[in-house]
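Visitor: Below you'll find the structure I mean.
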Amino acid sequence: MAEAATETFGFQTEAKQLLKLMIHSLYSNREIFLRELISNASDAIDKLRFEAIENPQLIEGDADYRIDITFDAEAGTLTIADNGIGMTRDEVIANLGTIARSGTAEFLERLTGDQKKDAALIGQFGVGFYSAFIVADEVEVRTRGAGSDEGVIWRSKGEDEFTIESAEGIPRGAQVVLHMAEDAKEFLDGYRLRSVVRRYSDHIGVPVRMVKEASPGEEDEAEPSTEMEAVNEAKALWTRSRSDVSDEEYKTFYKHVSHDFEEPLSWSHNRVEGKLEYTSLLYVPRRAPFDLYNREAPRGLKLYVQRVFIMDEAEQFLPLYLRFIKGVVDSNDLPLNVSREILQQDDRVTTIKNALTKRVLSMLKTMSEKEPENYQAFWDEFGEVLKEGAGEDFANREALLGLLRFASTAGDSAEKNVSLDAYLDRKGEDQDKIYYIVAESWEHAKNSPHIEVLKEQGVEVLLLFDRIDEWLMTSLDQYKDVQFQDAMRADIDLPGKEDEAEDSEADDEHSALTERIRKVLDEKVEAVKVSSRLSKSPACLVLGQFDMGAQMRRIMEASGQPMPESKPIFEYNPAHPLIQRLDQEADEDRFNDLALILFDQAALAEGEAPADAAGYVHRLNGLLLELMGG
Ligand code: ADP
């Protein structure tokens with residue numbers, strides 16, 4: 001028979017980069033290659049089971065699904081073999097020569113060169129098959145796709161290229177043969193290998209087998225045993241009862257479904273019986289994936305129907321704002337041939353989705369109460385995403401609001417760790433509002449003139465500075481019957497004020513000055529008012545009750561939306577020396593300059609540039625010159 005031709009291919013650039021990085025950064029965590037390869041083998045068997053529902057001939061008479069792990073210390077090889085779906089020639093080239101995941105380029109850009117940080121990132125990306133090169137000098141994949149009669153051998157030393165050749169007599173499925181590197185020979189030891197394999201296969205639903213261990217006294221060198229025995233329970237983890245599963249097993253299973261290197265923060269495993277029967281196992285990751293805000297990024301749960309794997313990334317079982325949750329849902333009621341289209345409109349799916357949403361929110365609540373440090377870590381990673389939910393999920397709004405965390409004037413850092421409940425608990429009796437301010441940054445919020453009096457009165461103000469905050473707050477009205485009050489807006493009610501009388505008295509007393517200022521700022525402002533919220537600053541700009549705030553305006557403008565013009569209200573502090581000086585100014589030109597400067601400064605204090613920056617500088621310089629006797 002003629003030698004089969006061998007073809008050589010270059011790795012895709014991204015694949016090459018990733019390979020190199022991985023080998024270096026994962027060296028101290030080498031044994032995970034077994035987790036990844038066992039995981040792939042198990043997925044391949046899941047896929048065959050699924051395909052065989054419609055095409056039973058793919059089974060080829062061998063439905064005895066298994067993963068066999070063998071080694072040959074002399075030859076220096078370790079082999080992971082499965083009888084799953086296998087790969088055709090084209091699939092081998094596509095799957096093992098390129099990284100098809102969206103966002104690969106973006107991912108590579110994020111790498112910092114700091115090995116520790118990069119290792120964590122690589123973990124999130126999912127290294128999968130390439131992890132074989134952490135321990136192997138050369139990898140050989142012998143595979144035949146179910147239903148195909150051409151076998152293929154893929155070989156690579158993990159450098160620039162790989163080869164492909166056709167071969168006969170290859171069984172269905174894939175055998176991954178690792179030619180172990182000199183410093184990874186420790187894995188070519190039955191005892192060591194067995195302990196690692198067991199760790200990574202207990203949660204797997206098919207038998208993972210190794211050569212039967214010789215019992216003591218039977219160690220006959222002449223005839224080594226070749227009998228295989230399962231080293232795992234071969235029962236899918238979520239089908240077991242909660243009390244039978246150890247934390248270690250839950251964590252390992254998490255790594256299997258999520259491809260995450262880090263341990264989950266929390267999980268919730270539940271079986272529901274009754275009208276609908278399903279089991280769910282949901283995990284909260286510790287770290288946000290790099291593509292959390294990428295709309296195209298895969299998300300969702302692994303869907304099983306009656307233990308049969310149906311699809312990855314079934315996103316119909318959780319709302320978009322819970323896209324970071326990982327796990328499995330196994331339904332007894334959905335049909336095996338269910339498609340994404342059917343999932344989208346099925347009432348049973350909607351019911352499960354609503355229940356899983358509540359399940360996640362209650363898991364988070366429990367975490368916030370019992371493990372506040374973990375919850376804080378969660379909030380720092382995923383808080384902004386949860387705010388999406390608070391803004392749009394009316395059915396769960398109260399629960400979501402209870403989970404929010406903010407920075408506030410009670411603290412002295414930008415850390416977001418104040419819950420609305422804590423706020424309500426410590427507010428004064430006569431305070432009937434939840435005060436907040438939205439700004440560009442924590443510093444801007446904290447130092448904003450708008451909250452001077454509130455701060456002096458010891459009223460706590462929530463300091464909001466996430467991109468999503470203004471949008472969020474416009475959709476919120478109250479929490480536990482207490483209204484939210486934006487400190488930037490007109491008609492602010494300060495706590496402990498008897499009635500409106502004080503305000504109007506102050507307005508009357510200064511009506512002449514108000515009128516003079518209004519004439520100068522006429523074009524620029526909606527109104528001029530005496531302020532009750534200022535103590536240190538001479539003036540500030542406030543928004544009308546229904547005007548769009550600066551943050552939203554900037555976001556909308558950046559997205560190219562034409563914005564209607566809106567004018568602020570100019571509030572001044574009659575007790576401030578500059579205002580008192582202004583009041584006494586008889587020279588109209590001087591008065592105009594001063595009023596305009598105060599207006600521009602109020603914008604500056606909010607982090608906004610004056611509309612006419614050159615005019616502002618010119619006027620200010622005029623005053624400076626006078627001051628210096630020029
Ligand atoms: P991932 O598993 O995250 O998709 P991998 O790099 O581990 O990434 O694998 C890439 C692809 O190669 C898999 O998606 C699968 O299609 C294919 N593959 C890997 N191992 C096997 C296997 N044992 N049998 C069949 N296909 C496999």
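Every chain in the structure tokens has a letter given in the order shown (A, B, ...), and although residue numbers restart at 1 in each chain, ligands are simply numbered from 1 in the order shown.
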Kindly provide, as JSON, numbers by chain, all nucleotide and amino acid residues lying within 10 Å of ligand 1, counting only C-alpha atoms and all ligand atoms.

Guide: {"A": [15, 33, 36, 37, 38, 39, 40, 41, 42, 43, 44, 45, 47, 48, 67, 80, 81, 82, 83, 84, 85, 86, 87, 88, 91, 92, 93, 94, 95, 96, 97, 98, 99, 100, 101, 125, 126, 127, 128, 129, 130, 131, 132, 141, 142, 143, 144, 145, 146, 172, 173, 174, 175, 176, 256, 257, 258, 259]}

Visitor: Can you tell me, as a short mmCIF file (atom, residue, chain, number, x, y, z; two decimals) with all heavy atoms, in the first residue's frame, what residues are no more than 12 Å from Ala5 (chain A) when counting only C-alpha atoms, ignoring any on the same chain fewer than 6 positions away?

Guide:
data_model
loop_
_atom_site.label_atom_id
_atom_site.label_comp_id
_atom_site.auth_asym_id
_atom_site.auth_seq_id
_atom_site.Cartn_x
_atom_site.Cartn_y
_atom_site.Cartn_z
N VAL A 152 -7.90 10.24 10.16
CA VAL A 152 -6.94 11.33 9.97
C VAL A 152 -5.96 11.33 11.14
O VAL A 152 -6.35 11.04 12.28
CB VAL A 152 -7.67 12.70 9.99
CG1 VAL A 152 -6.70 13.82 9.68
CG2 VAL A 152 -8.83 12.71 9.03
N ILE A 153 -4.70 11.63 10.83
CA ILE A 153 -3.74 11.83 11.92
C ILE A 153 -3.20 13.25 11.85
O ILE A 153 -2.72 13.69 10.79
CB ILE A 153 -2.57 10.82 11.83
CG1 ILE A 153 -3.12 9.39 11.89
CG2 ILE A 153 -1.59 11.06 12.99
CD1 ILE A 153 -2.05 8.33 11.69
N THR A 163 0.95 18.79 10.85
CA THR A 163 0.79 17.99 9.63
C THR A 163 -0.50 17.18 9.73
O THR A 163 -1.00 16.91 10.82
CB THR A 163 1.96 17.00 9.44
OG1 THR A 163 1.96 16.08 10.54
CG2 THR A 163 3.29 17.73 9.39
N ILE A 164 -0.98 16.82 8.57
CA ILE A 164 -2.21 16.04 8.46
C ILE A 164 -1.95 14.88 7.52
O ILE A 164 -1.38 15.09 6.44
CB ILE A 164 -3.32 16.91 7.82
CG1 ILE A 164 -3.72 18.05 8.74
CG2 ILE A 164 -4.51 16.07 7.44
CD1 ILE A 164 -4.73 17.69 9.77
N GLU A 165 -2.33 13.71 7.88
CA GLU A 165 -2.30 12.61 6.91
C GLU A 165 -3.52 11.73 7.09
O GLU A 165 -4.08 11.63 8.18
CB GLU A 165 -1.00 11.83 7.03
CG GLU A 165 -0.89 11.01 8.29
CD GLU A 165 0.52 10.48 8.49
OE1 GLU A 165 1.34 11.19 9.12
OE2 GLU A 165 0.79 9.37 8.01
N SER A 166 -3.90 11.07 6.00
CA SER A 166 -5.03 10.16 6.07
C SER A 166 -4.53 8.81 6.58
O SER A 166 -3.37 8.47 6.39
CB SER A 166 -5.64 9.96 4.69
OG SER A 166 -6.07 11.20 4.21
N ALA A 167 -5.39 8.07 7.23
CA ALA A 167 -4.97 6.77 7.74
C ALA A 167 -6.16 5.83 7.80
O ALA A 167 -7.31 6.27 7.93
CB ALA A 167 -4.37 6.93 9.13
#

Visitor: Apply DSSP to the backbone of this structure and, from region 219-302 of chain A, keep only the residues in helix (DSSP H, G or I); write these as a list in words.

Guide: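 Of region 219-302 of chain A, only Leu237, Trp238, Thr239, Arg242, Ser243, Asp244, Asp247, Glu248, Glu249, Tyr250, Lys251, Thr252, Phe253, Tyr254, Lys255, His256, Val257 and Ser258 of chain A fall in helix (DSSP H, G or I).
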
Visitor: Pull all heavy atoms from the residues just selected and write them as a compact mmCIF listing (two decimals), in the first residue's frame.

Guide:
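Writing the result to again.txt gives the following:
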# COMPACT_ATOMS: atom_id res chain seq x y z
N LEU A 237 -22.71 15.02 37.34
CA LEU A 237 -22.72 15.57 38.69
C LEU A 237 -24.07 16.11 39.13
O LEU A 237 -24.50 15.90 40.26
CB LEU A 237 -21.64 16.64 38.80
CG LEU A 237 -21.52 17.28 40.17
CD1 LEU A 237 -20.14 17.10 40.72
CD2 LEU A 237 -21.89 18.75 40.10
N TRP A 238 -24.75 16.82 38.23
CA TRP A 238 -26.00 17.46 38.66
C TRP A 238 -27.12 16.45 38.89
O TRP A 238 -28.13 16.77 39.47
CB TRP A 238 -26.42 18.52 37.64
CG TRP A 238 -26.83 17.96 36.32
CD1 TRP A 238 -28.10 17.59 35.94
CD2 TRP A 238 -25.99 17.69 35.20
NE1 TRP A 238 -28.08 17.11 34.67
CE2 TRP A 238 -26.80 17.16 34.19
CE3 TRP A 238 -24.61 17.86 34.96
CZ2 TRP A 238 -26.29 16.78 32.95
CZ3 TRP A 238 -24.12 17.48 33.73
CH2 TRP A 238 -24.94 16.95 32.74
N THR A 239 -26.93 15.21 38.42
CA THR A 239 -27.96 14.20 38.66
C THR A 239 -27.81 13.56 40.04
O THR A 239 -28.67 12.83 40.48
CB THR A 239 -27.92 13.09 37.59
OG1 THR A 239 -26.66 12.39 37.73
CG2 THR A 239 -28.02 13.66 36.19
N ARG A 242 -27.47 16.48 46.31
CA ARG A 242 -26.58 17.50 46.84
C ARG A 242 -25.67 16.98 47.94
O ARG A 242 -24.50 17.33 48.02
CB ARG A 242 -27.41 18.65 47.41
CG ARG A 242 -27.37 19.84 46.51
CD ARG A 242 -27.88 21.07 47.19
NE ARG A 242 -29.14 20.88 47.88
CZ ARG A 242 -30.15 21.74 47.82
NH1 ARG A 242 -30.05 22.81 47.09
NH2 ARG A 242 -31.25 21.53 48.50
N SER A 243 -26.24 16.12 48.78
CA SER A 243 -25.45 15.67 49.93
C SER A 243 -24.34 14.71 49.51
O SER A 243 -23.43 14.44 50.29
CB SER A 243 -26.39 15.00 50.94
OG SER A 243 -27.14 14.00 50.28
N ASP A 244 -24.41 14.19 48.28
CA ASP A 244 -23.38 13.26 47.82
C ASP A 244 -22.24 13.97 47.10
O ASP A 244 -21.28 13.33 46.66
CB ASP A 244 -23.97 12.26 46.81
CG ASP A 244 -24.86 11.26 47.50
OD1 ASP A 244 -24.79 11.20 48.74
OD2 ASP A 244 -25.61 10.56 46.80
N ASP A 247 -17.72 19.87 47.94
CA ASP A 247 -17.40 21.19 47.41
C ASP A 247 -16.34 21.08 46.32
O ASP A 247 -16.40 21.76 45.29
CB ASP A 247 -16.88 22.11 48.53
CG ASP A 247 -18.01 22.59 49.41
OD1 ASP A 247 -19.16 22.16 49.18
OD2 ASP A 247 -17.75 23.39 50.33
N GLU A 248 -15.35 20.21 46.57
CA GLU A 248 -14.28 20.03 45.59
C GLU A 248 -14.86 19.62 44.25
O GLU A 248 -14.46 20.11 43.19
CB GLU A 248 -13.31 18.92 46.07
CG GLU A 248 -12.00 19.38 46.65
CD GLU A 248 -11.57 20.78 46.29
OE1 GLU A 248 -11.05 21.03 45.17
OE2 GLU A 248 -11.76 21.65 47.16
N GLU A 249 -15.83 18.69 44.29
CA GLU A 249 -16.43 18.22 43.04
C GLU A 249 -17.23 19.32 42.34
O GLU A 249 -17.18 19.45 41.12
CB GLU A 249 -17.32 17.01 43.32
CG GLU A 249 -16.51 15.76 43.62
CD GLU A 249 -17.40 14.58 43.98
OE1 GLU A 249 -18.12 14.66 45.00
OE2 GLU A 249 -17.38 13.60 43.23
N TYR A 250 -17.93 20.09 43.14
CA TYR A 250 -18.67 21.21 42.54
C TYR A 250 -17.71 22.17 41.84
O TYR A 250 -17.97 22.66 40.75
CB TYR A 250 -19.46 21.98 43.61
CG TYR A 250 -20.81 21.37 43.93
CD1 TYR A 250 -21.13 20.98 45.21
CD2 TYR A 250 -21.77 21.22 42.93
CE1 TYR A 250 -22.38 20.44 45.51
CE2 TYR A 250 -23.02 20.68 43.21
CZ TYR A 250 -23.31 20.29 44.51
OH TYR A 250 -24.55 19.76 44.79
N LYS A 251 -16.58 22.41 42.50
CA LYS A 251 -15.62 23.36 41.93
C LYS A 251 -15.00 22.81 40.65
O LYS A 251 -14.80 23.54 39.67
CB LYS A 251 -14.52 23.68 42.94
CG LYS A 251 -15.03 24.52 44.10
CD LYS A 251 -13.93 24.75 45.12
CE LYS A 251 -14.48 25.42 46.37
NZ LYS A 251 -13.48 25.44 47.44
N THR A 252 -14.68 21.54 40.65
CA THR A 252 -14.09 20.94 39.46
C THR A 252 -15.09 20.96 38.30
O THR A 252 -14.74 21.25 37.16
CB THR A 252 -13.67 19.48 39.73
OG1 THR A 252 -12.93 19.45 40.94
CG2 THR A 252 -12.82 18.95 38.61
N PHE A 253 -16.32 20.68 38.65
CA PHE A 253 -17.34 20.68 37.60
C PHE A 253 -17.50 22.09 37.01
O PHE A 253 -17.68 22.27 35.81
CB PHE A 253 -18.68 20.19 38.15
CG PHE A 253 -19.74 20.10 37.09
CD1 PHE A 253 -19.65 19.14 36.09
CD2 PHE A 253 -20.81 20.98 37.07
CE1 PHE A 253 -20.62 19.06 35.10
CE2 PHE A 253 -21.78 20.91 36.08
CZ PHE A 253 -21.69 19.95 35.10
N TYR A 254 -17.39 23.08 37.88
CA TYR A 254 -17.47 24.46 37.40
C TYR A 254 -16.41 24.72 36.34
O TYR A 254 -16.68 25.31 35.29
CB TYR A 254 -17.29 25.44 38.57
CG TYR A 254 -17.03 26.86 38.12
CD1 TYR A 254 -18.07 27.61 37.57
CD2 TYR A 254 -15.77 27.42 38.21
CE1 TYR A 254 -17.84 28.90 37.13
CE2 TYR A 254 -15.53 28.71 37.77
CZ TYR A 254 -16.56 29.45 37.24
OH TYR A 254 -16.33 30.71 36.79
N LYS A 255 -15.20 24.25 36.62
CA LYS A 255 -14.12 24.48 35.66
C LYS A 255 -14.40 23.77 34.35
O LYS A 255 -14.05 24.25 33.28
CB LYS A 255 -12.79 24.05 36.27
CG LYS A 255 -12.40 24.98 37.42
CD LYS A 255 -11.16 24.57 38.14
CE LYS A 255 -10.92 25.54 39.31
NZ LYS A 255 -9.81 25.16 40.14
N HIS A 256 -15.07 22.64 34.45
CA HIS A 256 -15.45 21.90 33.25
C HIS A 256 -16.47 22.69 32.41
O HIS A 256 -16.31 22.83 31.20
CB HIS A 256 -16.00 20.54 33.66
CG HIS A 256 -16.65 19.76 32.57
ND1 HIS A 256 -15.96 19.31 31.46
CD2 HIS A 256 -17.92 19.33 32.40
CE1 HIS A 256 -16.79 18.64 30.67
NE2 HIS A 256 -17.97 18.65 31.21
N VAL A 257 -17.50 23.22 33.04
CA VAL A 257 -18.51 23.92 32.24
C VAL A 257 -18.09 25.33 31.84
O VAL A 257 -18.54 25.85 30.83
CB VAL A 257 -19.91 24.05 32.91
CG1 VAL A 257 -20.60 22.72 32.96
CG2 VAL A 257 -19.82 24.68 34.28
N SER A 258 -17.21 25.95 32.63
CA SER A 258 -16.93 27.36 32.38
C SER A 258 -15.59 27.59 31.69
O SER A 258 -15.35 28.66 31.16
CB SER A 258 -16.89 28.12 33.71
OG SER A 258 -15.75 27.68 34.43

Visitor: From the set A:Thr514, A:Ser532, A:Gln551, A:Thr279, which residue has the shortest atom-to-atom contact distance to Glu440 (chain A), counting only C-alpha atoms?

Guide: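 For Glu440 (chain A), the nearest of the candidates is A:Gln551.
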
Visitor: Need the shell around Ala575 (chain A): protein/DNA/RNA residues with any atom at most 8 Å away, counting only C-alpha atoms. Skip same-chain ones fewer than 4 positions apart. Format as a ChimeraX atom specification?

Guide: /A:535,579-580

Visitor: For the residues selected in the previous step, produce a file with C-alpha atoms as a short mmCIF file (atom, residue, chain, number, x, y, z; two decimals), in the first residue's frame.

Guide:
data_model
loop_
_atom_site.label_atom_id
_atom_site.label_comp_id
_atom_site.auth_asym_id
_atom_site.auth_seq_id
_atom_site.Cartn_x
_atom_site.Cartn_y
_atom_site.Cartn_z
CA SER A 535 -22.56 76.66 51.62
CA ILE A 579 -22.10 87.13 45.56
CA GLN A 580 -22.27 89.89 48.16
#

Visitor: Pick from A:Lys370, A:Lys529, A:His24, A:Lys235: nearest to Ala512 (chain A), with only C-alpha atoms counted?

Guide: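 Counting only C-alpha atoms, the residue closest to Ala512 (chain A) is A:Lys529.
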
Visitor: Which neighbours of Asp612 (chain A) fall inside 12 Å, counting only C-alpha atoms, when residues of the same chain fewer than 6 positions from it are skipped, and could you give them as a CSV table (one decimal) with N, CA and C atoms, in the first residue's frame?

Guide:
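around06.csv, written as the output of this step:
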chain,number,residue,atom,x,y,z
A,524,LYS,N,-28.5,81.9,28.4
A,524,LYS,CA,-27.9,80.7,28.8
A,524,LYS,C,-28.6,79.8,29.8
A,596,LEU,N,-20.9,86.4,34.5
A,596,LEU,CA,-20.5,85.3,33.5
A,596,LEU,C,-19.4,84.4,34.0
A,597,ILE,N,-18.5,85.0,34.7
A,597,ILE,CA,-17.4,84.1,35.3
A,597,ILE,C,-18.0,83.1,36.3
A,599,PHE,N,-20.9,81.9,36.3
A,599,PHE,CA,-21.7,80.9,35.5
A,599,PHE,C,-20.7,79.9,34.9
A,600,ASP,N,-19.6,80.3,34.3
A,600,ASP,CA,-18.7,79.4,33.7
A,600,ASP,C,-18.0,78.5,34.8
A,601,GLN,N,-17.8,79.1,35.9
A,601,GLN,CA,-17.1,78.4,37.0
A,601,GLN,C,-18.0,77.3,37.5
A,603,ALA,N,-20.1,75.6,35.8
A,603,ALA,CA,-19.9,74.5,34.8
A,603,ALA,C,-18.6,73.7,35.1
A,604,LEU,N,-17.5,74.5,35.3
A,604,LEU,CA,-16.2,73.9,35.5
A,604,LEU,C,-16.2,73.0,36.7
A,618,HIS,N,-10.5,85.3,29.0
A,618,HIS,CA,-10.3,86.7,28.8
A,618,HIS,C,-10.9,87.5,30.0
A,619,ARG,N,-12.1,87.2,30.4
A,619,ARG,CA,-12.7,87.9,31.5
A,619,ARG,C,-11.9,87.7,32.8

Visitor: Just to confirm, what's the straight-line distance from CA of Met488 (chain A) to CA of Pro610 (chain A) in Å (one decimal)?

Guide: 18.1 Å

Visitor: At a cut-off of 9 Å, using only C-alpha atoms, what residues contact region 447-459 of chain A? Leave out same-chain residues fewer than 2 positions from it and give the result as a PDB file with C-alpha atoms, in the first residue's frame.

Guide:
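Contents of selection14.pdb, as written:
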ATOM      1  CA  THR A 409     -20.482  60.480  51.546  1.00  0.00           C
ATOM      2  CA  ALA A 410     -20.374  58.227  54.615  1.00  0.00           C
ATOM      3  CA  LYS A 427     -30.729  58.032  57.846  1.00  0.00           C
ATOM      4  CA  GLY A 428     -32.237  60.549  60.219  1.00  0.00           C
ATOM      5  CA  GLN A 431     -35.234  62.502  56.252  1.00  0.00           C
ATOM      6  CA  TYR A 435     -30.248  61.521  48.178  1.00  0.00           C
ATOM      7  CA  TYR A 436     -27.841  60.773  45.353  1.00  0.00           C
ATOM      8  CA  ILE A 437     -25.682  62.558  42.842  1.00  0.00           C
ATOM      9  CA  ALA A 439     -21.108  62.636  38.206  1.00  0.00           C
ATOM     10  CA  TRP A 442     -16.035  59.785  42.462  1.00  0.00           C
ATOM     11  CA  GLU A 443     -14.034  62.981  43.027  1.00  0.00           C
ATOM     12  CA  HIS A 444     -16.501  65.059  41.040  1.00  0.00           C
ATOM     13  CA  ALA A 445     -19.443  63.579  42.886  1.00  0.00           C
ATOM     14  CA  VAL A 461     -25.543  61.163  49.767  1.00  0.00           C
ATOM     15  CA  ALA A 487     -29.191  66.397  44.385  1.00  0.00           C
ATOM     16  CA  MET A 488     -28.468  67.965  40.980  1.00  0.00           C
ATOM     17  CA  ARG A 489     -32.055  68.790  40.224  1.00  0.00           C
ATOM     18  CA  LEU A 494     -33.758  69.246  52.034  1.00  0.00           C
ATOM     19  CA  PRO A 495     -34.501  67.236  55.149  1.00  0.00           C
ATOM     20  CA  SER A 532     -30.528  76.492  49.655  1.00  0.00           C
ATOM     21  CA  ARG A 533     -28.065  73.716  48.873  1.00  0.00           C
ATOM     22  CA  LEU A 534     -24.818  75.727  48.761  1.00  0.00           C
ATOM     23  CA  SER A 535     -22.556  76.661  51.623  1.00  0.00           C
ATOM     24  CA  LYS A 536     -18.970  77.011  50.330  1.00  0.00           C
ATOM     25  CA  SER A 537     -19.576  77.677  46.648  1.00  0.00           C
ATOM     26  CA  PRO A 538     -20.989  80.888  45.218  1.00  0.00           C
ATOM     27  CA  ALA A 539     -23.139  79.175  42.583  1.00  0.00           C
ATOM     28  CA  CYS A 540     -24.080  75.969  40.842  1.00  0.00           C
ATOM     29  CA  LEU A 541     -26.071  74.781  37.850  1.00  0.00           C
ATOM     30  CA  VAL A 542     -29.011  72.512  38.431  1.00  0.00           C
ATOM     31  CA  ALA A 602     -20.269  76.530  38.007  1.00  0.00           C
ATOM     32  CA  ALA A 605     -16.981  72.638  39.017  1.00  0.00           C
ATOM     33  CA  GLU A 606     -19.068  69.893  37.440  1.00  0.00           C
TER      34      GLU A 606
END

Visitor: So which one's closest to Met556 (chain A), A:Glu213, A:Glu608, A:Glu470, A:Glu7? Using only C-alpha atoms, please.

Guide: A:Glu470

Visitor: Tell me which protein, DNA and RNA residues are within 6 Å of Tyr283 (chain A), counting only C-alpha atoms, leaving out same-chain ones fewer than 3 positions away, and put them as a list in words.

Guide: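 The contact residues come out as Ser266, Trp267, Ile325, Lys326 and Gly327 of chain A.
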
Visitor: Need to verify the contact set: Ser408 (chain A), 10 Å, only C-alpha atoms, exclusion of same-chain residues closer than 4 positions in sequence. Can you return it as a ChimeraX atom specification?

Guide: /A:412-419,423,435-437,442,445-446,460-464

Visitor: In terms of the shortest atom-to-atom distance over only C-alpha atoms, which of A:Gly560, A:Gly76, A:Pro577, A:Gly190 is closest to Val139 (chain A)?

Guide: A:Gly76

Visitor: Name the residues of region 54-171 of chain A that come out as strand (DSSP E or B) in a backbone DSSP run; write them as a ChimeraX atom specification.

Guide: /A:67-72,77-82,136-144,151-156,161-167

Visitor: With distances taken over only C-alpha atoms, which of A:Ile569, A:Leu322, A:Ile555, A:Leu58 is nearest to Val525 (chain A)?

Guide: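 Ranking A:Ile569, A:Leu322, A:Ile555, A:Leu58 by distance to Val525 (chain A), first place goes to A:Ile569.
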
Visitor: With only C-alpha atoms as the basis for distance, which of A:Asp291, A:Asp189, A:Asp330, A:Glu277 is at the shortest distance from Gln306 (chain A)?

Guide: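 Smallest separation from Gln306 (chain A) among the options: A:Asp330.
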
Visitor: How many Å separate CA of Glu509 (chain A) from CA of Phe591 (chain A)?

Guide: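 So the two atoms, CA of Glu509 (chain A) and CA of Phe591 (chain A), lie 19.4 Å apart.
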
Visitor: When you draw a straight line from CA of Trp154 (chain A) to CA of Ala184 (chain A), how long is it in Å?

Guide: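 If I compute the distance from CA of Trp154 (chain A) to CA of Ala184 (chain A), I get 21.7 Å.
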